[in-house]
>>> print(open('work_31.tsv').read())   # TSV, C-alpha atoms
chain	number	residue	atom	x	y	z
Z	159	MET	CA	107.78	129.14	80.77
Z	160	LEU	CA	108.25	127.36	77.46
Z	161	SER	CA	106.29	124.26	76.56
Z	162	THR	CA	107.63	120.78	77.10
Z	163	ALA	CA	108.01	120.03	73.37
Z	164	VAL	CA	110.17	123.12	72.78
Z	165	GLN	CA	112.37	122.25	75.75
Z	166	ILE	CA	112.86	118.69	74.49
Z	167	LEU	CA	113.82	120.11	71.07
Z	168	ALA	CA	116.37	122.41	72.70
Z	169	PHE	CA	117.77	119.49	74.71
Z	170	ALA	CA	118.14	117.42	71.52
Z	171	LEU	CA	119.95	120.28	69.75
Z	172	ALA	CA	122.30	120.72	72.70
Z	173	LEU	CA	122.98	116.97	72.83
Z	174	LEU	CA	123.88	116.96	69.12
Z	175	GLY	CA	126.15	119.93	69.74
Z	176	VAL	CA	127.98	118.20	72.58
Z	177	LEU	CA	128.48	115.01	70.56
Z	178	GLY	CA	129.65	116.98	67.53
Z	179	ALA	CA	132.13	119.06	69.54
Z	180	THR	CA	133.56	115.93	71.17
Z	181	VAL	CA	133.95	114.13	67.84
Z	182	ALA	CA	135.51	117.21	66.19
Z	183	THR	CA	138.06	117.50	69.01
Z	184	LEU	CA	139.25	113.95	68.36
Z	185	LEU	CA	139.21	114.03	64.54
Z	186	PRO	CA	142.61	114.29	62.79
Z	187	ASN	CA	141.46	116.22	59.71
Z	188	TRP	CA	141.45	119.83	60.92
Z	189	LYS	CA	143.59	120.70	57.90
Z	190	VAL	CA	144.14	118.46	54.88
Z	191	SER	CA	146.68	118.31	52.05
Z	192	ILE	CA	145.69	116.28	48.97
Z	193	ASN	CA	148.47	114.97	46.72
Z	194	VAL	CA	147.90	112.68	43.73
Z	195	TRP	CA	150.94	110.69	42.62
Z	196	SER	CA	151.46	107.67	40.45
Z	197	ASN	CA	153.85	105.99	42.88
Z	198	ILE	CA	152.19	103.45	45.17
Z	199	MET	CA	154.22	104.41	48.26
Z	200	THR	CA	153.61	108.12	47.95
Z	201	PRO	CA	151.05	109.63	50.35
Z	202	ILE	CA	147.92	110.86	48.66
Z	203	SER	CA	146.50	112.65	51.70
Z	204	GLN	CA	148.13	114.25	54.74
Z	205	MET	CA	145.98	115.37	57.65
Z	206	GLN	CA	146.80	117.33	60.78
Z	207	GLY	CA	144.57	117.50	63.82
Z	208	LEU	CA	144.76	118.79	67.37
Z	209	TRP	CA	146.30	115.64	68.79
Z	210	MET	CA	147.81	113.69	65.87
Z	211	ASP	CA	149.07	113.86	62.29
Z	212	CYS	CA	147.89	111.17	59.90
Z	213	VAL	CA	148.98	110.06	56.43
Z	214	TRP	CA	146.89	108.14	53.90
Z	215	TYR	CA	148.89	106.19	51.30
Z	216	SER	CA	147.66	105.11	47.88
Z	217	SER	CA	148.18	101.48	48.88
Z	218	GLY	CA	145.45	101.82	51.53
Z	219	VAL	CA	147.78	102.15	54.53
Z	220	PHE	CA	146.70	104.73	57.15
Z	221	SER	CA	149.22	105.74	59.82
Z	222	CYS	CA	149.07	108.39	62.56
Z	223	THR	CA	151.66	110.05	64.78
Z	224	MET	CA	150.75	111.61	68.12
Z	225	LYS	CA	151.80	115.16	68.96
Z	226	ASN	CA	153.51	114.56	72.27
Z	227	SER	CA	155.47	117.80	72.55
Z	228	VAL	CA	153.18	120.63	73.63
Z	229	LEU	CA	155.83	123.38	73.61
Z	230	SER	CA	156.71	122.78	69.97
Z	231	LEU	CA	153.14	123.47	68.80
Z	232	PRO	CA	152.11	126.93	67.54
Z	233	ALA	CA	150.04	129.21	69.77
Z	234	TYR	CA	146.82	128.91	67.82
Z	235	LEU	CA	146.94	125.11	68.00
Z	236	GLN	CA	147.50	125.11	71.76
Z	237	THR	CA	144.66	127.58	72.26
Z	238	THR	CA	142.32	125.51	70.09
Z	239	ARG	CA	143.15	122.40	72.08
Z	240	ALA	CA	142.39	124.02	75.44
Z	241	ALA	CA	139.25	125.79	74.23
Z	242	MET	CA	137.72	122.67	72.67
Z	243	VAL	CA	138.32	120.56	75.77
Z	244	LEU	CA	136.84	123.30	77.97
Z	245	SER	CA	133.87	123.63	75.61
Z	246	CYS	CA	133.08	119.92	75.88
Z	247	MET	CA	133.26	120.05	79.69
Z	248	VAL	CA	131.00	123.12	79.96
Z	249	ALA	CA	128.50	121.65	77.50
Z	250	ALA	CA	128.39	118.35	79.42
Z	251	PHE	CA	127.70	120.28	82.64
Z	252	GLY	CA	124.95	122.17	80.80
Z	253	LEU	CA	123.34	118.87	79.83
Z	254	CYS	CA	123.17	117.85	83.49
Z	255	LEU	CA	121.50	121.15	84.38
Z	256	ALA	CA	119.13	120.89	81.41
Z	257	SER	CA	117.94	117.45	82.51
Z	258	LEU	CA	116.94	119.02	85.86
Z	259	GLY	CA	115.25	122.00	84.22
Z	260	LEU	CA	113.00	120.03	81.86
Z	261	LYS	CA	109.30	120.25	82.69
Z	262	CYS	CA	108.74	116.60	81.78
Z	263	THR	CA	111.05	115.36	84.57
Z	264	ARG	CA	110.06	114.87	88.20
Z	265	TRP	CA	113.34	115.95	89.74
Z	266	GLY	CA	114.63	119.50	89.90
Z	267	GLY	CA	112.36	121.12	92.47
Z	268	SER	CA	109.44	123.47	91.98
Z	269	HIS	CA	108.24	125.23	88.85
Z	270	ARG	CA	110.32	128.32	89.60
Z	271	ALA	CA	113.44	126.32	90.47
Z	272	LYS	CA	113.18	124.41	87.18
Z	273	GLY	CA	113.00	127.72	85.31
Z	274	HIS	CA	116.18	129.04	86.92
Z	275	THR	CA	117.98	125.74	86.28
Z	276	ALA	CA	116.98	125.87	82.60
Z	277	ILE	CA	118.35	129.42	82.32
Z	278	ALA	CA	121.67	128.29	83.85
Z	279	ALA	CA	121.82	125.39	81.37
Z	280	GLY	CA	121.22	127.81	78.49
Z	281	GLY	CA	124.09	129.98	79.69
Z	282	CYS	CA	126.40	126.96	79.74
Z	283	PHE	CA	125.43	126.03	76.18
Z	284	ILE	CA	126.00	129.57	74.90
Z	285	LEU	CA	129.42	129.71	76.59
Z	286	ALA	CA	130.35	126.32	75.10
Z	287	SER	CA	129.26	127.55	71.67
Z	288	PHE	CA	131.57	130.57	71.85
Z	289	LEU	CA	134.41	128.35	73.08
Z	290	CYS	CA	133.94	126.36	69.85
Z	291	LEU	CA	133.50	129.28	67.47
Z	292	VAL	CA	136.43	131.46	68.53
Z	293	PRO	CA	139.28	128.88	68.28
Z	294	ALA	CA	137.80	127.30	65.15
Z	295	SER	CA	137.67	130.70	63.45
Z	296	TRP	CA	141.25	131.43	64.50
Z	297	PHE	CA	142.40	128.02	63.24
Z	298	THR	CA	140.64	128.54	59.90
Z	299	ASN	CA	142.18	131.97	59.50
Z	300	GLU	CA	145.69	130.61	60.12
Z	301	VAL	CA	145.23	127.79	57.60
Z	302	ILE	CA	143.87	130.07	54.87
Z	303	THR	CA	146.54	132.71	55.49
Z	304	ALA	CA	149.32	130.12	55.27
Z	305	PHE	CA	147.79	128.70	52.09
Z	306	LEU	CA	147.65	132.10	50.36
Z	307	THR	CA	150.90	133.70	51.53
Z	308	THR	CA	153.53	130.94	51.60
Z	309	ASP	CA	155.73	130.22	48.61
Z	310	LEU	CA	155.55	126.44	49.05
Z	311	PRO	CA	154.25	124.29	46.19
Z	312	ASP	CA	150.61	123.37	46.20
Z	313	SER	CA	151.41	119.80	47.16
Z	314	SER	CA	152.75	121.02	50.53
Z	315	LYS	CA	149.94	123.41	51.36
Z	316	TYR	CA	146.99	122.65	53.61
Z	317	GLN	CA	143.32	123.57	53.40
Z	318	PRO	CA	140.56	123.46	56.07
Z	319	GLY	CA	139.32	119.95	56.71
Z	320	GLY	CA	136.03	118.35	57.68
Z	321	ALA	CA	136.62	118.66	61.43
Z	322	LEU	CA	136.25	122.44	61.15
Z	323	CYS	CA	132.85	122.03	59.47
Z	324	VAL	CA	131.73	119.70	62.26
Z	325	THR	CA	132.93	122.24	64.83
Z	326	PHE	CA	130.98	125.13	63.31
Z	327	ILE	CA	127.79	123.05	62.99
Z	328	SER	CA	128.10	121.84	66.60
Z	329	ALA	CA	128.59	125.41	67.80
Z	330	GLY	CA	125.39	126.39	65.98
Z	331	PHE	CA	123.46	123.58	67.66
Z	332	LEU	CA	124.78	124.59	71.07
Z	333	LEU	CA	123.91	128.24	70.48
Z	334	ALA	CA	120.35	127.41	69.38
Z	335	GLY	CA	119.76	125.12	72.36
Z	336	GLY	CA	121.20	127.68	74.76
Z	337	VAL	CA	119.01	130.52	73.46
Z	338	ILE	CA	115.87	128.38	73.75
Z	339	PHE	CA	116.72	127.35	77.31
Z	340	CYS	CA	117.42	130.96	78.27
Z	341	LEU	CA	113.84	131.83	77.26
Z	342	SER	CA	112.54	129.42	79.93
Z	343	CYS	CA	112.11	132.19	82.50
Z	344	PRO	CA	109.33	131.31	84.97
Z	345	GLY	CA	106.39	133.69	84.76
Z	346	LYS	CA	104.59	135.34	87.65
Z	347	ARG	CA	101.65	133.46	89.10
Z	348	THR	CA	98.52	135.25	90.27
Z	349	ARG	CA	97.45	134.36	93.79
Z	350	ARG	CA	93.88	133.30	94.39
Z	351	PRO	CA	91.88	134.86	97.26
Z	352	ASP	CA	91.69	132.70	100.35
Z	353	TYR	CA	88.39	132.20	102.16
Z	354	THR	CA	89.02	131.00	105.70
Z	355	SER	CA	85.56	131.53	107.13
Z	356	SER	CA	83.70	129.16	104.82
Z	357	SER	CA	84.44	126.69	102.08
Z	358	ASN	CA	81.88	128.33	99.76
Z	359	PRO	CA	83.25	131.66	98.46
Z	360	ASP	CA	79.73	133.06	97.75
Z	361	ARG	CA	78.38	132.83	101.31
Z	362	PRO	CA	80.33	135.75	102.86
Z	363	GLN	CA	79.17	138.05	100.08
Z	364	GLU	CA	75.51	137.00	100.50
Z	365	LYS	CA	75.74	137.50	104.25
Z	366	ALA	CA	77.20	140.96	103.80
Z	367	LEU	CA	74.45	141.93	101.36
Z	368	GLN	CA	71.75	140.77	103.80
Z	369	GLU	CA	73.23	142.67	106.74
Z	370	LYS	CA	73.72	145.92	104.82
Z	371	PRO	CA	69.96	146.91	104.47
Z	372	GLU	CA	69.37	146.25	108.17
Z	373	LYS	CA	72.24	148.52	109.16
Z	374	ASP	CA	71.04	151.26	106.80
Z	375	GLN	CA	67.51	151.05	108.23
Z	376	GLU	CA	68.78	151.40	111.80
Z	377	GLN	CA	70.95	154.39	110.85
Z	378	ARG	CA	67.97	156.16	109.21
Z	379	LEU	CA	65.79	155.43	112.21
Z	380	TYR	CA	68.19	156.88	114.74
Z	381	SER	CA	69.29	159.80	112.61
Z	382	SER	CA	65.80	161.46	112.38
Z	383	PRO	CA	64.64	163.04	115.66
Z	384	SER	CA	60.95	162.59	114.85
Z	385	LYS	CA	61.20	158.85	114.50
Z	386	LEU	CA	62.14	157.47	117.86
Z	387	PRO	CA	62.12	153.83	118.88
Z	388	GLN	CA	58.96	152.41	120.40
Z	389	LYS	CA	60.57	152.03	123.79
Z	390	ASP	CA	61.54	155.71	123.96
Z	391	ILE	CA	57.99	156.79	122.96
Z	392	LYS	CA	56.41	154.77	125.80
Z	393	ASP	CA	58.87	156.27	128.29
Z	394	SER	CA	57.97	159.80	127.19
Z	395	TYR	CA	54.17	159.11	127.65
Z	396	SER	CA	54.70	157.73	131.11
Z	397	LEU	CA	56.66	160.80	132.14
Z	398	GLN	CA	53.90	163.13	130.90
Z	399	GLU	CA	51.24	161.24	132.87
Z	400	TYR	CA	53.36	161.27	135.93
Z	401	VAL	CA	53.80	165.01	135.74
>>> encode(input="work_31.tsv", output="structure tokens")
Amino acid sequence: MLSTAVQILAFALALLGVLGATVATLLPNWKVSINVWSNIMTPISQMQGLWMDCVWYSSGVFSCTMKNSVLSLPAYLQTTRAAMVLSCMVAAFGLCLASLGLKCTRWGGSHRAKGHTAIAAGGCFILASFLCLVPASWFTNEVITAFLTTDLPDSSKYQPGGALCVTFISAGFLLAGGVIFCLSCPGKRTRRPDYTSSSNPDRPQEKALQEKPEKDQEQRLYSSPSKLPQKDIKDSYSLQEYV
């Protein structure tokens, strides 16, 4: 199992990934259009996010409009919405599991149970990372394709915003934390021999070594016919005298 310092590092990376994914989901600058005009009431920046569209005027006024109609949104935007919300939920669940799988915590069960919990947390972080990467890549591809293929003037085109950068960085943090937690597989422990007869493990061996020469001597004595025990020799003499 990995050391405590490496697990804490993985937990910190995963926590940064969860916070970054949550912030990126709420940011309005997924795609940005920059316009520079001399008129004071003309917008100089238009931003579109997953939940709202915002306009920044040259006078310093910042106004946002919520996207209330779900059916009017394009398919890639609806998919990105659902995937980012699901990614935040899965990553938050992974943080709960990771707090149980850390070696520095007292809760979570035995050494082996903590290892399995850490592996489950790593799987949640990896899944959350892919749920961030796939919709963000699709969203970026749609924005770049629309920027290069449409015949609109440059003032009406959009480019990828800062929320996409935050999403990709958060997905990288989640992936790194998940891989480290998945390496927290509990190793096999070697069992020590149990000595039930005595508390000192050397005494049974000494006793066996002392008894072994005595047994060998008795076997040699009884195996040779010429060497009989003293009791048998006396019995044989008494029988001869009697005869």
>>> atom_distance(input="work_31.tsv", atom1="CA of Arg270 (chain Z)", atom2="CA of Ile338 (chain Z)")
16.8 Å
>>> atom_distance(input="work_31.tsv", atom1="CA of Val164 (chain Z)", atom2="CA of Ala249 (chain Z)")
19.0 Å
>>> atom_distance(input="work_31.tsv", atom1="CA of Leu285 (chain Z)", atom2="CA of Thr183 (chain Z)")
16.8 Å
>>> closest_residue(input="work_31.tsv", among="Z:Ile202, Z:Ala233, Z:Leu289, Z:Leu171", to="Val219 (chain Z)", atoms="only C-alpha atoms")
Z:Ile202
>>> closest_residue(input="work_31.tsv", among="Z:Phe297, Z:Phe288, Z:Phe283, Z:Tyr215", to="Tyr316 (chain Z)", atoms="only C-alpha atoms")
Z:Phe297
>>> closest_residue(input="work_31.tsv", among="Z:Trp209, Z:Ser314, Z:Val243, Z:Ser217", to="Leu231 (chain Z)", atoms="only C-alpha atoms")
Z:Trp209
>>> residues_around(input="work_31.tsv", residues="Gly335 (chain Z)", least_positions_apart="5", cutoff="12 Å", atoms="only C-alpha atoms", output="ChimeraX atom specification")
/Z:164-176,249,252-253,256,276-277,279-287,328-330,340-342
>>> closest_residue(input="work_31.tsv", among="Z:Asn187, Z:Ser221, Z:Thr307, Z:Thr162", to="Met205 (chain Z)", atoms="all atoms listed in the file")
Z:Asn187
>>> closest_residue(input="work_31.tsv", among="Z:Leu322, Z:Asp309, Z:Gly336, Z:Tyr234", to="Ala179 (chain Z)", atoms="only C-alpha atoms")
Z:Leu322
